[in-house]
Each structure stands twice: as C-alpha cells, then as structure tokens.
file upload10.pdb (PDB, C-alpha atoms, pLDDT in the B column)
ATOM      1  CA  MET A   1       0.000   0.000   0.000  1.00 39.00           C
ATOM      2  CA  VAL A   2       1.110   3.556  -0.708  1.00 37.00           C
ATOM      3  CA  ALA A   3      -0.357   6.915   0.245  1.00 37.00           C
ATOM      4  CA  ASN A   4      -1.484   9.748  -1.963  1.00 40.00           C
ATOM      5  CA  ALA A   5      -0.820  13.406  -1.329  1.00 35.00           C
ATOM      6  CA  GLY A   6      -3.835  13.605   0.985  1.00 40.00           C
ATOM      7  CA  GLY A   7      -2.499  10.825   3.173  1.00 41.00           C
ATOM      8  CA  LYS A   8      -5.102   8.169   2.372  1.00 51.00           C
ATOM      9  CA  LYS A   9      -3.721   4.713   1.741  1.00 49.00           C
ATOM     10  CA  LEU A  10      -3.935   3.528  -1.831  1.00 47.00           C
ATOM     11  CA  SER A  11      -3.781   0.091  -3.380  1.00 52.00           C
ATOM     12  CA  SER A  12      -0.448  -0.718  -4.997  1.00 66.00           C
ATOM     13  CA  LEU A  13      -1.865   0.416  -8.354  1.00 80.00           C
ATOM     14  CA  PRO A  14      -4.273   3.388  -8.495  1.00 85.00           C
ATOM     15  CA  PHE A  15      -7.494   2.815 -10.411  1.00 87.00           C
ATOM     16  CA  PRO A  16      -6.675   5.240 -13.251  1.00 82.00           C
ATOM     17  CA  ALA A  17      -3.280   3.593 -13.721  1.00 81.00           C
ATOM     18  CA  ILE A  18      -4.797   0.299 -14.860  1.00 82.00           C
ATOM     19  CA  VAL A  19      -3.910  -0.119 -18.520  1.00 74.00           C
ATOM     20  CA  GLY A  20      -6.866  -0.565 -20.847  1.00 74.00           C
ATOM     21  CA  GLN A  21      -9.817  -2.594 -19.491  1.00 82.00           C
ATOM     22  CA  ASP A  22     -12.219   0.297 -20.064  1.00 85.00           C
ATOM     23  CA  ASP A  23     -15.288  -1.956 -19.842  1.00 89.00           C
ATOM     24  CA  LEU A  24     -14.119  -3.336 -16.502  1.00 91.00           C
ATOM     25  CA  LYS A  25     -13.478   0.103 -15.046  1.00 90.00           C
ATOM     26  CA  ARG A  26     -16.761   1.475 -16.354  1.00 93.00           C
ATOM     27  CA  VAL A  27     -18.775  -1.362 -14.786  1.00 94.00           C
ATOM     28  CA  LEU A  28     -17.063  -1.062 -11.403  1.00 95.00           C
ATOM     29  CA  LEU A  29     -17.538   2.715 -11.298  1.00 95.00           C
ATOM     30  CA  THR A  30     -21.198   2.351 -12.277  1.00 95.00           C
ATOM     31  CA  VAL A  31     -21.873  -0.153  -9.495  1.00 94.00           C
ATOM     32  CA  ALA A  32     -20.027   2.009  -6.991  1.00 93.00           C
ATOM     33  CA  ALA A  33     -22.072   5.075  -7.937  1.00 92.00           C
ATOM     34  CA  ASN A  34     -25.483   3.362  -7.801  1.00 91.00           C
ATOM     35  CA  ASP A  35     -26.708   1.837  -4.555  1.00 84.00           C
ATOM     36  CA  GLY A  36     -29.584   0.203  -6.397  1.00 84.00           C
ATOM     37  CA  LEU A  37     -27.281  -2.086  -8.384  1.00 87.00           C
ATOM     38  CA  ASP A  38     -26.672  -5.399  -6.632  1.00 82.00           C
ATOM     39  CA  GLY A  39     -23.181  -6.090  -7.890  1.00 92.00           C
ATOM     40  CA  ALA A  40     -20.819  -6.828 -10.732  1.00 95.00           C
ATOM     41  CA  LEU A  41     -19.477  -9.964 -12.372  1.00 96.00           C
ATOM     42  CA  ILE A  42     -16.094  -9.766 -14.068  1.00 94.00           C
ATOM     43  CA  VAL A  43     -15.436 -12.494 -16.611  1.00 92.00           C
ATOM     44  CA  GLY A  44     -12.033 -13.091 -18.135  1.00 87.00           C
ATOM     45  CA  GLU A  45      -8.825 -15.037 -18.222  1.00 80.00           C
ATOM     46  CA  LYS A  46      -6.160 -14.841 -15.563  1.00 77.00           C
ATOM     47  CA  GLY A  47      -3.839 -11.846 -15.534  1.00 69.00           C
ATOM     48  CA  THR A  48      -6.383  -9.269 -16.720  1.00 68.00           C
ATOM     49  CA  ALA A  49      -6.320  -6.962 -13.676  1.00 73.00           C
ATOM     50  CA  LYS A  50      -9.656  -8.210 -12.301  1.00 82.00           C
ATOM     51  CA  SER A  51      -8.575  -8.378  -8.656  1.00 84.00           C
ATOM     52  CA  THR A  52      -6.343  -5.315  -8.966  1.00 84.00           C
ATOM     53  CA  ALA A  53      -9.255  -3.218 -10.215  1.00 88.00           C
ATOM     54  CA  VAL A  54     -11.540  -4.269  -7.366  1.00 91.00           C
ATOM     55  CA  ARG A  55      -8.947  -3.400  -4.720  1.00 90.00           C
ATOM     56  CA  ALA A  56      -8.217  -0.070  -6.401  1.00 90.00           C
ATOM     57  CA  LEU A  57     -11.939   0.747  -6.574  1.00 94.00           C
ATOM     58  CA  VAL A  58     -12.214   0.761  -2.784  1.00 93.00           C
ATOM     59  CA  ASP A  59      -9.636   3.561  -2.612  1.00 90.00           C
ATOM     60  CA  LEU A  60     -12.026   5.766  -4.567  1.00 94.00           C
ATOM     61  CA  LEU A  61     -15.066   5.283  -2.351  1.00 94.00           C
ATOM     62  CA  PRO A  62     -16.058   7.963   0.179  1.00 93.00           C
ATOM     63  CA  GLU A  63     -15.280   7.114   3.772  1.00 95.00           C
ATOM     64  CA  GLN A  64     -18.300   6.252   5.897  1.00 96.00           C
ATOM     65  CA  ARG A  65     -19.447   7.038   9.416  1.00 97.00           C
ATOM     66  CA  ALA A  66     -19.836   3.921  11.528  1.00 97.00           C
ATOM     67  CA  VAL A  67     -20.592   2.968  15.124  1.00 97.00           C
ATOM     68  CA  ALA A  68     -17.088   2.341  16.440  1.00 96.00           C
ATOM     69  CA  ASP A  69     -17.881  -0.554  18.788  1.00 95.00           C
ATOM     70  CA  CYS A  70     -20.386  -2.320  16.523  1.00 97.00           C
ATOM     71  CA  PRO A  71     -19.134  -5.557  14.893  1.00 96.00           C
ATOM     72  CA  TYR A  72     -21.342  -4.805  11.887  1.00 97.00           C
ATOM     73  CA  GLY A  73     -20.194  -1.222  11.363  1.00 97.00           C
ATOM     74  CA  CYS A  74     -23.738   0.120  11.591  1.00 97.00           C
ATOM     75  CA  SER A  75     -24.431   3.634  10.376  1.00 96.00           C
ATOM     76  CA  PRO A  76     -25.191   5.977  13.283  1.00 96.00           C
ATOM     77  CA  ASP A  77     -27.464   7.971  10.966  1.00 94.00           C
ATOM     78  CA  ASP A  78     -29.871   5.266   9.733  1.00 93.00           C
ATOM     79  CA  PRO A  79     -31.705   3.357  12.502  1.00 92.00           C
ATOM     80  CA  ASP A  80     -33.635   1.301   9.942  1.00 91.00           C
ATOM     81  CA  LEU A  81     -30.403  -0.398   8.879  1.00 90.00           C
ATOM     82  CA  GLN A  82     -28.900  -0.808  12.348  1.00 95.00           C
ATOM     83  CA  CYS A  83     -28.500  -4.010  14.323  1.00 95.00           C
ATOM     84  CA  ASP A  84     -30.731  -4.502  17.371  1.00 93.00           C
ATOM     85  CA  ALA A  85     -27.989  -3.477  19.801  1.00 93.00           C
ATOM     86  CA  CYS A  86     -27.329  -0.147  18.075  1.00 96.00           C
ATOM     87  CA  ARG A  87     -31.031   0.580  17.672  1.00 93.00           C
ATOM     88  CA  GLU A  88     -31.652   0.106  21.378  1.00 92.00           C
ATOM     89  CA  ARG A  89     -29.018   2.681  22.349  1.00 92.00           C
ATOM     90  CA  GLU A  90     -29.510   6.424  22.476  1.00 89.00           C
ATOM     91  CA  SER A  91     -28.052   8.042  19.370  1.00 85.00           C
ATOM     92  CA  ASP A  92     -25.988  10.421  21.506  1.00 86.00           C
ATOM     93  CA  ASP A  93     -24.350   7.426  23.203  1.00 87.00           C
ATOM     94  CA  LEU A  94     -23.093   5.851  19.992  1.00 94.00           C
ATOM     95  CA  PRO A  95     -19.311   6.196  19.551  1.00 96.00           C
ATOM     96  CA  ILE A  96     -18.665   7.224  15.960  1.00 96.00           C
ATOM     97  CA  GLU A  97     -15.672   6.623  13.734  1.00 97.00           C
ATOM     98  CA  THR A  98     -14.876   7.364  10.115  1.00 96.00           C
ATOM     99  CA  ARG A  99     -13.632   4.365   8.170  1.00 96.00           C
ATOM    100  CA  SER A 100     -12.933   3.151   4.670  1.00 95.00           C
ATOM    101  CA  VAL A 101     -15.581   1.081   2.939  1.00 96.00           C
ATOM    102  CA  PRO A 102     -14.917  -2.561   3.906  1.00 96.00           C
ATOM    103  CA  LEU A 103     -13.600  -4.926   1.256  1.00 96.00           C
ATOM    104  CA  VAL A 104     -14.041  -8.506   2.448  1.00 97.00           C
ATOM    105  CA  THR A 105     -12.761 -11.454   0.443  1.00 96.00           C
ATOM    106  CA  LEU A 106     -14.677 -14.716   0.665  1.00 97.00           C
ATOM    107  CA  PRO A 107     -12.132 -17.535   0.156  1.00 94.00           C
ATOM    108  CA  LEU A 108     -13.248 -20.547  -1.856  1.00 92.00           C
ATOM    109  CA  GLY A 109     -12.269 -22.878   0.983  1.00 91.00           C
ATOM    110  CA  ALA A 110     -14.123 -20.987   3.716  1.00 95.00           C
ATOM    111  CA  THR A 111     -16.390 -22.944   6.034  1.00 95.00           C
ATOM    112  CA  ARG A 112     -20.018 -22.003   6.505  1.00 95.00           C
ATOM    113  CA  ASP A 113     -19.310 -20.938  10.092  1.00 94.00           C
ATOM    114  CA  ARG A 114     -16.541 -18.603   8.960  1.00 96.00           C
ATOM    115  CA  VAL A 115     -18.931 -16.949   6.526  1.00 97.00           C
ATOM    116  CA  VAL A 116     -22.100 -16.628   8.604  1.00 96.00           C
ATOM    117  CA  GLY A 117     -20.590 -16.608  12.097  1.00 95.00           C
ATOM    118  CA  THR A 118     -20.925 -19.034  14.980  1.00 90.00           C
ATOM    119  CA  LEU A 119     -23.063 -19.494  18.051  1.00 84.00           C
ATOM    120  CA  SER A 120     -21.531 -21.128  21.118  1.00 73.00           C
ATOM    121  CA  VAL A 121     -23.055 -24.568  21.695  1.00 65.00           C
ATOM    122  CA  GLU A 122     -22.824 -24.217  25.465  1.00 67.00           C
ATOM    123  CA  ASP A 123     -24.477 -20.811  25.498  1.00 60.00           C
ATOM    124  CA  ALA A 124     -27.128 -21.935  23.032  1.00 52.00           C
ATOM    125  CA  LEU A 125     -28.035 -24.855  25.302  1.00 55.00           C
ATOM    126  CA  ALA A 126     -28.256 -22.408  28.188  1.00 57.00           C
ATOM    127  CA  GLY A 127     -30.646 -20.243  26.196  1.00 53.00           C
ATOM    128  CA  GLU A 128     -28.136 -17.473  25.592  1.00 58.00           C
ATOM    129  CA  ALA A 129     -26.752 -16.076  22.354  1.00 63.00           C
ATOM    130  CA  ASP A 130     -22.961 -15.685  22.313  1.00 79.00           C
ATOM    131  CA  PHE A 131     -22.370 -14.852  18.660  1.00 88.00           C
ATOM    132  CA  ASP A 132     -18.997 -14.685  16.923  1.00 91.00           C
ATOM    133  CA  PRO A 133     -19.572 -12.672  13.695  1.00 95.00           C
ATOM    134  CA  GLY A 134     -18.328 -13.985  10.364  1.00 97.00           C
ATOM    135  CA  LEU A 135     -17.360 -12.557   6.993  1.00 98.00           C
ATOM    136  CA  LEU A 136     -20.886 -11.391   6.188  1.00 98.00           C
ATOM    137  CA  ALA A 137     -20.823  -9.233   9.310  1.00 97.00           C
ATOM    138  CA  ARG A 138     -17.548  -7.639   8.239  1.00 97.00           C
ATOM    139  CA  ALA A 139     -18.906  -7.032   4.723  1.00 98.00           C
ATOM    140  CA  ASN A 140     -21.932  -5.080   5.932  1.00 98.00           C
ATOM    141  CA  ARG A 141     -22.052  -1.673   4.202  1.00 96.00           C
ATOM    142  CA  GLY A 142     -19.118  -2.754   2.044  1.00 96.00           C
ATOM    143  CA  ILE A 143     -18.053  -5.058  -0.749  1.00 96.00           C
ATOM    144  CA  LEU A 144     -18.060  -8.843  -0.590  1.00 97.00           C
ATOM    145  CA  TYR A 145     -15.492 -10.014  -3.125  1.00 97.00           C
ATOM    146  CA  VAL A 146     -15.373 -13.585  -4.438  1.00 95.00           C
ATOM    147  CA  ASP A 147     -12.516 -14.498  -6.761  1.00 92.00           C
ATOM    148  CA  GLU A 148     -13.364 -17.460  -9.012  1.00 93.00           C
ATOM    149  CA  VAL A 149     -16.981 -17.209  -7.865  1.00 95.00           C
ATOM    150  CA  ASN A 150     -17.993 -19.960 -10.279  1.00 94.00           C
ATOM    151  CA  LEU A 151     -15.973 -22.414  -8.161  1.00 95.00           C
ATOM    152  CA  LEU A 152     -17.662 -21.456  -4.886  1.00 95.00           C
ATOM    153  CA  ASP A 153     -19.229 -24.422  -3.069  1.00 93.00           C
ATOM    154  CA  ASP A 154     -22.996 -24.671  -3.411  1.00 92.00           C
ATOM    155  CA  HIS A 155     -23.625 -24.387   0.334  1.00 91.00           C
ATOM    156  CA  LEU A 156     -21.773 -21.057   0.397  1.00 94.00           C
ATOM    157  CA  VAL A 157     -23.573 -19.882  -2.723  1.00 94.00           C
ATOM    158  CA  ASP A 158     -26.886 -20.445  -0.934  1.00 94.00           C
ATOM    159  CA  VAL A 159     -25.710 -18.436   2.085  1.00 94.00           C
ATOM    160  CA  VAL A 160     -24.543 -15.525  -0.058  1.00 95.00           C
ATOM    161  CA  LEU A 161     -27.756 -15.542  -2.102  1.00 93.00           C
ATOM    162  CA  ASP A 162     -29.953 -15.483   1.003  1.00 94.00           C
ATOM    163  CA  SER A 163     -28.095 -12.565   2.564  1.00 95.00           C
ATOM    164  CA  ALA A 164     -27.772 -10.635  -0.687  1.00 93.00           C
ATOM    165  CA  ALA A 165     -31.509 -10.893  -1.295  1.00 92.00           C
ATOM    166  CA  SER A 166     -32.649  -9.992   2.224  1.00 94.00           C
ATOM    167  CA  GLY A 167     -29.837  -7.765   3.490  1.00 95.00           C
ATOM    168  CA  VAL A 168     -29.855  -9.835   6.673  1.00 96.00           C
ATOM    169  CA  ASN A 169     -27.782 -12.774   7.895  1.00 97.00           C
ATOM    170  CA  THR A 170     -29.521 -15.155  10.298  1.00 94.00           C
ATOM    171  CA  VAL A 171     -27.760 -17.884  12.262  1.00 92.00           C
ATOM    172  CA  GLU A 172     -29.714 -20.482  14.204  1.00 86.00           C
ATOM    173  CA  ARG A 173     -28.543 -23.176  16.582  1.00 79.00           C
ATOM    174  CA  ASP A 174     -30.389 -25.295  19.138  1.00 75.00           C
ATOM    175  CA  GLY A 175     -33.378 -22.971  19.223  1.00 75.00           C
ATOM    176  CA  ILE A 176     -31.316 -19.770  19.456  1.00 80.00           C
ATOM    177  CA  SER A 177     -31.398 -17.307  16.556  1.00 85.00           C
ATOM    178  CA  VAL A 178     -29.214 -14.274  15.853  1.00 90.00           C
ATOM    179  CA  SER A 179     -29.777 -11.871  12.979  1.00 94.00           C
ATOM    180  CA  HIS A 180     -27.712  -8.908  11.849  1.00 96.00           C
ATOM    181  CA  PRO A 181     -27.609  -6.546   8.856  1.00 97.00           C
ATOM    182  CA  ALA A 182     -25.651  -7.840   5.878  1.00 97.00           C
ATOM    183  CA  ASN A 183     -26.032  -5.194   3.208  1.00 96.00           C
ATOM    184  CA  PHE A 184     -23.173  -5.580   0.772  1.00 96.00           C
ATOM    185  CA  THR A 185     -22.285  -5.140  -2.865  1.00 96.00           C
ATOM    186  CA  LEU A 186     -21.325  -8.476  -4.368  1.00 96.00           C
ATOM    187  CA  ILE A 187     -18.417  -8.457  -6.808  1.00 96.00           C
ATOM    188  CA  GLY A 188     -17.263 -11.717  -8.323  1.00 95.00           C
ATOM    189  CA  THR A 189     -14.656 -12.716 -10.858  1.00 93.00           C
ATOM    190  CA  MET A 190     -14.488 -15.865 -12.933  1.00 92.00           C
ATOM    191  CA  ASN A 191     -12.567 -17.549 -15.694  1.00 89.00           C
ATOM    192  CA  PRO A 192     -15.186 -19.197 -17.943  1.00 88.00           C
ATOM    193  CA  GLU A 193     -12.696 -21.891 -18.870  1.00 88.00           C
ATOM    194  CA  GLU A 194     -12.903 -23.187 -15.289  1.00 90.00           C
ATOM    195  CA  GLY A 195     -16.644 -23.802 -15.162  1.00 89.00           C
ATOM    196  CA  ASP A 196     -20.053 -22.192 -15.408  1.00 91.00           C
ATOM    197  CA  LEU A 197     -21.851 -20.033 -12.877  1.00 93.00           C
ATOM    198  CA  ARG A 198     -25.127 -21.118 -11.291  1.00 90.00           C
ATOM    199  CA  PRO A 199     -28.010 -19.163 -12.882  1.00 90.00           C
ATOM    200  CA  GLN A 200     -29.336 -18.104  -9.462  1.00 89.00           C
ATOM    201  CA  LEU A 201     -25.990 -16.570  -8.602  1.00 91.00           C
ATOM    202  CA  ARG A 202     -25.568 -14.913 -11.979  1.00 90.00           C
ATOM    203  CA  ASP A 203     -28.892 -13.152 -11.413  1.00 90.00           C
ATOM    204  CA  ARG A 204     -27.422 -11.395  -8.355  1.00 90.00           C
ATOM    205  CA  PHE A 205     -25.001  -9.454 -10.558  1.00 94.00           C
ATOM    206  CA  ALA A 206     -26.610  -6.364 -12.045  1.00 94.00           C
ATOM    207  CA  LEU A 207     -23.738  -5.741 -14.467  1.00 95.00           C
ATOM    208  CA  GLN A 208     -21.110  -7.838 -16.186  1.00 94.00           C
ATOM    209  CA  ALA A 209     -17.769  -6.916 -17.682  1.00 92.00           C
ATOM    210  CA  THR A 210     -15.802  -9.153 -20.016  1.00 90.00           C
ATOM    211  CA  VAL A 211     -12.056  -8.581 -19.962  1.00 87.00           C
ATOM    212  CA  GLU A 212      -9.229  -9.786 -22.168  1.00 77.00           C
ATOM    213  CA  GLY A 213      -5.490  -9.612 -21.821  1.00 63.00           C
ATOM    214  CA  CYS A 214      -3.748  -6.679 -23.477  1.00 55.00           C
ATOM    215  CA  ARG A 215      -2.281  -7.792 -26.812  1.00 61.00           C
ATOM    216  CA  GLU A 216      -0.577  -4.607 -27.991  1.00 57.00           C
ATOM    217  CA  ILE A 217       3.137  -4.283 -27.292  1.00 58.00           C
ATOM    218  CA  ASP A 218       2.750  -0.699 -26.054  1.00 52.00           C
ATOM    219  CA  ASP A 219       0.118  -1.782 -23.543  1.00 52.00           C
ATOM    220  CA  ARG A 220       2.271  -4.627 -22.288  1.00 51.00           C
ATOM    221  CA  VAL A 221       5.213  -2.273 -21.804  1.00 48.00           C
ATOM    222  CA  ALA A 222       2.966   0.176 -19.923  1.00 55.00           C
ATOM    223  CA  ILE A 223       1.759  -2.611 -17.620  1.00 51.00           C
ATOM    224  CA  ILE A 224       5.338  -3.546 -16.750  1.00 52.00           C
ATOM    225  CA  ASP A 225       6.345   0.073 -16.207  1.00 56.00           C
ATOM    226  CA  ARG A 226       3.442   0.735 -13.831  1.00 59.00           C
ATOM    227  CA  ALA A 227       4.081  -2.466 -11.933  1.00 61.00           C
ATOM    228  CA  LEU A 228       7.702  -1.416 -11.434  1.00 54.00           C
ATOM    229  CA  GLU A 229       6.566   2.010 -10.212  1.00 60.00           C
ATOM    230  CA  THR A 230       4.591   0.471  -7.365  1.00 57.00           C
ATOM    231  CA  ASP A 231       6.811  -2.502  -6.573  1.00 59.00           C
ATOM    232  CA  GLY A 232       8.729  -2.195  -3.351  1.00 51.00           C
ATOM    233  CA  GLY A 233       6.672   0.691  -1.986  1.00 53.00           C
ATOM    234  CA  GLU A 234       7.540   3.243  -4.644  1.00 50.00           C
ATOM    235  CA  THR A 235       5.038   6.138  -4.688  1.00 53.00           C
ATOM    236  CA  ASN A 236       5.500   7.244  -8.290  1.00 61.00           C
ATOM    237  CA  ALA A 237       2.144   5.885  -9.409  1.00 62.00           C
ATOM    238  CA  ALA A 238       0.291   7.413  -6.467  1.00 67.00           C
ATOM    239  CA  THR A 239       1.802  10.805  -7.228  1.00 74.00           C
ATOM    240  CA  ASP A 240       1.370  10.593 -10.995  1.00 74.00           C
ATOM    241  CA  TYR A 241      -2.316   9.717 -10.747  1.00 77.00           C
ATOM    242  CA  ALA A 242      -3.257  11.746  -7.659  1.00 85.00           C
ATOM    243  CA  ASP A 243      -5.314  14.288  -9.611  1.00 87.00           C
ATOM    244  CA  GLU A 244      -7.228  11.612 -11.513  1.00 87.00           C
ATOM    245  CA  VAL A 245      -7.875   9.688  -8.301  1.00 88.00           C
ATOM    246  CA  GLU A 246      -9.279  12.799  -6.608  1.00 91.00           C
ATOM    247  CA  THR A 247     -11.505  13.523  -9.614  1.00 91.00           C
ATOM    248  CA  LEU A 248     -12.965  10.025  -9.475  1.00 91.00           C
ATOM    249  CA  ARG A 249     -13.483  10.335  -5.725  1.00 91.00           C
ATOM    250  CA  ASP A 250     -15.376  13.575  -6.238  1.00 90.00           C
ATOM    251  CA  ASP A 251     -17.560  11.899  -8.859  1.00 89.00           C
ATOM    252  CA  LEU A 252     -18.450   9.079  -6.449  1.00 90.00           C
ATOM    253  CA  ALA A 253     -18.966  11.279  -3.385  1.00 79.00           C
TER     254      ALA A 253
END
call {"tool": "encode", "arguments": {"input": "upload10.pdb", "output": "structure tokens"}}
result
Amino acid sequence: MVANAGGKKLSSLPFPAIVGQDDLKRVLLTVAANDGLDGALIVGEKGTAKSTAVRALVDLLPEQRAVADCPYGCSPDDPDLQCDACRERESDDLPIETRSVPLVTLPLGATRDRVVGTLSVEDALAGEADFDPGLLARANRGILYVDEVNLLDDHLVDVVLDSAASGVNTVERDGISVSHPANFTLIGTMNPEEGDLRPQLRDRFALQATVEGCREIDDRVAIIDRALETDGGETNAATDYADEVETLRDDLA
C-alpha cells in the first residue's frame, strides 16, 4: 500500500493507472455510484487486472461514518439499517468513527461458520446467544469479493444468495437465533474456462464486464512500467495519478 498526497492509503496500483480494461473500469464505477445495483461480475482469463481493479476501486469510495464498537459497522445515521444493539441505544451514546468502505474477500475454501458466524453450543443450550460474527458481518455496508466465484461451493452460494436478497444474515442453533444486517455489494470474478456459474448466482449481478489480456506491445510495456513504479513501496504511481484519483473520488462522493 502507498499513500497519496492527501495521506489516504492507496492500493499498490491506483485505479486510473490500470492499462486498458475500459469496460471493466466502467462497470465497477457504475456499481459504486449506484446503490440500487446489486453487484458486478467480471469475466475473463487470468492476468487481466480483475482483482487489482476491485482493490483499487475501494480507494475511490467515500469514507463512511460507523458505530465504532459495533461488529457490523452500523451507520449511526440510519436506525432502519442498524442491528438490534445499536437501535436500542440512544443516538448520543453511539461512539462514531470514520472508516474506509470494507472490502471482504470470501475464500473458496471458507467454512459455513466462517462466513455466517458461529453461536456457542454451550451458550445456546443455556438459552443465551454468544455470537462470533463472520465474513458477512464484516462485509456489511461494504463489498463482498469472491474471486473465481464460479468455483464457490454450493452451500456457500446459498448463504450468499440469502443474505444478498434480504440484506440480513440469520444464524440459528439449538433454538437460538441471531440476525444482523448484511447489506453488501457483491463483486465476483471468474474464468469461464474453469466452469459455469449457477443461474441463481448470476442473477445477483446487475452488471457484467468481459475482460481480455492486453495484446498490444505498447500496452504490455505500460503494464510492466506501472508495476515497477509500485513494486517495493515506490510512490511514483500514487503521485502521478493523484489528480485523476481525486476527480474520481469527487464523482463518487
């Protein structure tokens, strides 16, 4: 990570520095600018800046106010989207922080408990709810990113679909139920050569971008040059693209 002139941490390659891939960048910016769009699917072969673009997108998003001690990062300004604990507190008592929009990666090998969270068996048997939040809790009000989403296990696909549709994650065990907000933008990438995507999951992506590797020699040289600029903590790219980054941030604010 490197910092721009304003001090905010940037991904190793700023969004405007990505060579080519105009369709990819346009789709990601459109999803970021429209809360009503559920997410984006990026289809293409390996080495086409899919993951790099998603990480760089987060650097452009406006920071958000959040309840500092809430595991779900609830907004202090919107009670309708708060968890039960935040809603029950007086608004003046809520500690507030400013944070970057969360980017949470869902690994292909993740267990269901890691994704949805876990309830203690002992506490559940005692009629109490001791909940350990999972990845969906961390992704609330942010981006849930799934690389190679077409290879995601069916049981995890079902969990993601349920939460994406309802905006709520519910965990039940031995008669105890815990629910929390899980409002996230779903961004997935896939290589079509490695398998198809379930139709139900494809429907959760409002937009799709198809990307291809850069074939032109000039583009390939530019990719290498920009990678060298950011390798080893160099800040050349952050400085060179600072104005363009700020313009994009203003557009998304």
call {"tool": "closest_residue", "arguments": {"input": "upload10.pdb", "among": "A:Asp59, A:Glu172, A:Glu45, A:Asp196", "to": "A:Val245", "atoms": "only C-alpha atoms"}}
result
A:Asp59
call {"tool": "closest_residue", "arguments": {"input": "upload10.pdb", "among": "A:Cys83, A:Ala110, A:Val178, A:Leu152", "to": "A:Asn140", "atoms": "only C-alpha atoms"}}
result
A:Cys83
call {"tool": "residues_near_point", "arguments": {"input": "upload10.pdb", "point": "(-29.6, -2.8, -3.3)", "cutoff": "9 Å", "atoms": "all atoms listed in the file", "output": "list in words"}}
result
Asn34, Asp35, Gly36, Leu37, Asp38, Gly39, Ala164, Ala165, Gly167, Asn183, Phe184 and Thr185 of chain A
call {"tool": "atom_distance", "arguments": {"input": "upload10.pdb", "atom1": "atom CA of A:Ser91", "atom2": "atom CA of A:Gln64"}}
result
16.7 Å
call {"tool": "resolve_selection", "arguments": {"input": "upload10.pdb", "expression": "the PyMOL selection byres ((chain A and resi 43) around 6)", "output": "PyMOL selection string"}}
result
chain A and resi 42+44+189-191+210
call {"tool": "atom_distance", "arguments": {"input": "upload10.pdb", "atom1": "atom CA of A:Asp22", "atom2": "atom CA of A:Lys50"}}
result
11.8 Å
call {"tool": "decode", "arguments": {"input": "upload10.pdb", "residues": "stretch 38-55 of chain A", "atoms": "N, CA and C atoms", "output": "compact mmCIF listing (two decimals), in the first residue's frame"}}
result
# COMPACT_ATOMS: atom_id res chain seq x y z
N ASP A 38 -27.05 -4.37 -7.59
CA ASP A 38 -26.67 -5.40 -6.63
C ASP A 38 -25.19 -5.76 -6.68
N GLY A 39 -24.58 -5.69 -7.84
CA GLY A 39 -23.18 -6.09 -7.89
C GLY A 39 -22.68 -6.21 -9.31
N ALA A 40 -21.46 -6.73 -9.43
CA ALA A 40 -20.82 -6.83 -10.73
C ALA A 40 -20.10 -8.16 -10.86
N LEU A 41 -20.19 -8.74 -12.04
CA LEU A 41 -19.48 -9.96 -12.37
C LEU A 41 -18.43 -9.63 -13.42
N ILE A 42 -17.20 -10.04 -13.15
CA ILE A 42 -16.09 -9.77 -14.07
C ILE A 42 -15.62 -11.10 -14.64
N VAL A 43 -15.74 -11.23 -15.94
CA VAL A 43 -15.44 -12.49 -16.61
C VAL A 43 -14.20 -12.31 -17.48
N GLY A 44 -13.23 -13.19 -17.31
CA GLY A 44 -12.03 -13.09 -18.14
C GLY A 44 -10.95 -14.04 -17.69
N GLU A 45 -9.94 -14.15 -18.51
CA GLU A 45 -8.82 -15.04 -18.22
C GLU A 45 -7.96 -14.47 -17.11
N LYS A 46 -7.06 -15.30 -16.62
CA LYS A 46 -6.16 -14.84 -15.56
C LYS A 46 -5.24 -13.74 -16.09
N GLY A 47 -4.79 -12.88 -15.16
CA GLY A 47 -3.84 -11.85 -15.53
C GLY A 47 -4.44 -10.68 -16.28
N THR A 48 -5.73 -10.38 -16.02
CA THR A 48 -6.38 -9.27 -16.72
C THR A 48 -6.82 -8.18 -15.75
N ALA A 49 -6.14 -8.06 -14.64
CA ALA A 49 -6.32 -6.96 -13.68
C ALA A 49 -7.66 -6.99 -12.97
N LYS A 50 -8.34 -8.14 -12.94
CA LYS A 50 -9.66 -8.21 -12.30
C LYS A 50 -9.56 -7.88 -10.81
N SER A 51 -8.71 -8.59 -10.09
CA SER A 51 -8.58 -8.38 -8.66
C SER A 51 -7.96 -7.02 -8.36
N THR A 52 -6.99 -6.62 -9.16
CA THR A 52 -6.34 -5.32 -8.97
C THR A 52 -7.36 -4.18 -9.06
N ALA A 53 -8.26 -4.28 -10.02
CA ALA A 53 -9.25 -3.22 -10.21
C ALA A 53 -10.22 -3.13 -9.04
N VAL A 54 -10.61 -4.28 -8.51
CA VAL A 54 -11.54 -4.27 -7.37
C VAL A 54 -10.89 -3.63 -6.15
N ARG A 55 -9.64 -4.00 -5.87
CA ARG A 55 -8.95 -3.40 -4.72
C ARG A 55 -8.76 -1.90 -4.92
